[in-house]
Amino acid sequence: TVSVDTFFVISGFLLAYVSLRKLRKIFAKKSSPPSFTDSIKIVLSFTFHRWLRIVPVLGLVMIANAELLPSIGNGPLWHGRDLGKACRKYWWTNLLFINNFHPKNLMDECIGQSWYLGCDFQFFILGVILLVLFQSSPRLNRFRYLILGLISVASVILRMVVTYQHHLPAQGQLYGAHKEGSPVYNSSPENLSTTDDYKNYAYVQPQYRISTYL
């Protein structure tokens with residue numbers, strides 16, 4: 001959606017602006033280009049600090065979902081208990097930020113919305129690797145726009161392929177008729193199944209969303 005892609009654009013911009021300034025200061029202190037080991041240390045350092053900034057708050061939300069949410073409601077339509085079970089089973093995927101890959105069904109995640117954090121964290125790692133490569137290698141730096149463009153085009157092509165393979169609809173087709181200018185969600189069983197397939201195969205996967213980040 002446009003709203004999610006907008007956040008990816010902002011996140012990618014902030015990564016380039018903030019991290020690039022830090023990398024230039026690090027490289028300015030070195031008399032020669034950093035070695036492979038130095039580059040790995042820089043990437044790991046940036047990644048660890050990013051992980052450390054997110055996990056404490058995310059952990060509190062996960063604990064609330066696992067222990068508190070199941071107890072604040074009741075009844076046949078209350079799904080808090082299911083969310084608690086999911087958090088107890090898949091909590092570790094959130095801490096590793098691979099929850100957009102496992103579990104395969106988005107509805108089985110501990111916190112459904114946290115797929116975005118998984119994508120963003122994976123984009124961050126790739127972004128830092130690219131920035132380090134561009135800063136340490138003048139040859140690669142000359143082709144940075146070509147490299148980023150090729151990754152973006154590849155992402156679009158992959159999304160076309162997975163859409164064709166799994167017969168996924170365009171996102172606009174997940175909605176029914178318009179009422180007073182606003183789309184009305186089509187809640188038929190067939191459409192709900194199609195919506196789940198769209199989310200699981202295309203919506204939450206980083207290889208199909210990275211073009212807006214770059």
# chains A, B, ... in the order shown; residues from 1 in each chain; ligands from 1
$ residues_around --residues "A:Ile157" --least-positions-apart "5" --cutoff "9 Å" --atoms "only C-alpha atoms" --output "PDB file with all heavy atoms, in the first residue's frame"
ATOM      1  N   SER A 152      16.173  -2.739  -7.751  1.00  0.00           N
ATOM      2  CA  SER A 152      14.775  -2.302  -7.760  1.00  0.00           C
ATOM      3  C   SER A 152      13.996  -2.955  -8.895  1.00  0.00           C
ATOM      4  O   SER A 152      12.868  -3.431  -8.695  1.00  0.00           O
ATOM      5  CB  SER A 152      14.701  -0.775  -7.885  1.00  0.00           C
ATOM      6  OG  SER A 152      15.337  -0.137  -6.796  1.00  0.00           O
ATOM      7  N   VAL A 162       5.825 -13.908  -8.961  1.00  0.00           N
ATOM      8  CA  VAL A 162       5.072 -14.577  -7.898  1.00  0.00           C
ATOM      9  C   VAL A 162       3.579 -14.320  -8.041  1.00  0.00           C
ATOM     10  O   VAL A 162       2.756 -15.191  -7.718  1.00  0.00           O
ATOM     11  CB  VAL A 162       5.575 -14.125  -6.505  1.00  0.00           C
ATOM     12  CG1 VAL A 162       5.088 -12.717  -6.167  1.00  0.00           C
ATOM     13  CG2 VAL A 162       5.129 -15.102  -5.429  1.00  0.00           C
ATOM     14  N   TYR A 208      10.023  -8.313  -2.476  1.00  0.00           N
ATOM     15  CA  TYR A 208       9.017  -7.655  -3.308  1.00  0.00           C
ATOM     16  C   TYR A 208       8.729  -6.233  -2.865  1.00  0.00           C
ATOM     17  O   TYR A 208       7.992  -5.527  -3.543  1.00  0.00           O
ATOM     18  CB  TYR A 208       7.704  -8.460  -3.301  1.00  0.00           C
ATOM     19  CG  TYR A 208       7.880  -9.925  -3.550  1.00  0.00           C
ATOM     20  CD1 TYR A 208       7.331 -10.877  -2.689  1.00  0.00           C
ATOM     21  CD2 TYR A 208       8.618 -10.371  -4.648  1.00  0.00           C
ATOM     22  CE1 TYR A 208       7.525 -12.230  -2.918  1.00  0.00           C
ATOM     23  CE2 TYR A 208       8.811 -11.727  -4.871  1.00  0.00           C
ATOM     24  CZ  TYR A 208       8.256 -12.653  -3.996  1.00  0.00           C
ATOM     25  OH  TYR A 208       8.441 -13.991  -4.232  1.00  0.00           O
TER      26      TYR A 208
END
$ closest_atom_pairs --of "stretch 26-94 of chain A" --to "stretch 99-123 of chain A" --cutoff "10 Å" --atoms "only C-alpha atoms" --output "tab-separated table"
residue	atom	partner	partner_atom	distance
A:Thr47	CA	A:Phe121	CA	8.4
A:Arg50	CA	A:Phe121	CA	8.0
A:Trp51	CA	A:Phe121	CA	8.0
A:Ile54	CA	A:Leu117	CA	8.8
A:Leu58	CA	A:Ser114	CA	8.8
A:Val61	CA	A:Ile111	CA	8.4
A:Met62	CA	A:Cys110	CA	7.0
A:Ile63	CA	A:Cys110	CA	9.9
A:Asn65	CA	A:Cys110	CA	7.6
A:Ala66	CA	A:Cys110	CA	8.1
A:Asp82	CA	A:Asp108	CA	8.6
A:Leu83	CA	A:Cys110	CA	6.2
A:Gly84	CA	A:Cys110	CA	7.5
A:Lys85	CA	A:Cys110	CA	8.0
A:Ala86	CA	A:Cys110	CA	4.9
A:Cys87	CA	A:Cys110	CA	4.1
A:Arg88	CA	A:Cys110	CA	7.7
A:Lys89	CA	A:Cys110	CA	8.0
A:Tyr90	CA	A:Cys110	CA	6.1
A:Trp91	CA	A:Cys110	CA	6.3
A:Trp92	CA	A:Asn99	CA	8.5
A:Thr93	CA	A:Asn99	CA	4.8
A:Asn94	CA	A:Asn99	CA	5.3
$ write_last_selection --atoms "C-alpha atoms" --output "JSON list (two decimals), in the first residue's frame"
[["chain", "number", "residue", "atom", "x", "y", "z"],
["A", 47, "THR", "CA", 23.19, -4.01, 12.95],
["A", 50, "ARG", "CA", 19.73, -1.15, 15.43],
["A", 51, "TRP", "CA", 18.63, -4.41, 17.05],
["A", 54, "ILE", "CA", 14.08, -1.92, 18.74],
["A", 58, "LEU", "CA", 9.12, -4.88, 20.99],
["A", 61, "VAL", "CA", 4.63, -5.56, 23.48],
["A", 62, "MET", "CA", 5.19, -9.29, 22.93],
["A", 63, "ILE", "CA", 4.92, -9.99, 26.65],
["A", 65, "ASN", "CA", 0.31, -9.98, 23.86],
["A", 66, "ALA", "CA", 1.33, -13.30, 25.39],
["A", 82, "ASP", "CA", -5.06, -17.13, 19.96],
["A", 83, "LEU", "CA", -2.67, -14.17, 19.92],
["A", 84, "GLY", "CA", -1.23, -15.31, 23.24],
["A", 85, "LYS", "CA", -0.60, -18.80, 21.89],
["A", 86, "ALA", "CA", 1.08, -17.39, 18.78],
["A", 87, "CYS", "CA", 3.42, -15.25, 20.89],
["A", 88, "ARG", "CA", 4.42, -18.17, 23.06],
["A", 89, "LYS", "CA", 5.16, -20.28, 19.98],
["A", 90, "TYR", "CA", 6.81, -17.81, 17.61],
["A", 91, "TRP", "CA", 8.30, -15.16, 19.91],
["A", 92, "TRP", "CA", 11.83, -15.98, 18.77],
["A", 93, "THR", "CA", 11.08, -15.10, 15.14],
["A", 94, "ASN", "CA", 10.28, -11.54, 16.21]]
$ closest_residue --among "A:Leu44, A:Leu158, A:Val9, A:Leu214" --to "A:Arg144" --atoms "only C-alpha atoms"
A:Leu214
$ select_by_dssp --residues "stretch 25-170 of chain A" --states "helix (DSSP H, G or I)" --output "PyMOL selection string"
chain A and resi 25-28+36-71+80-95+106-108+112-136+138-142+144-165
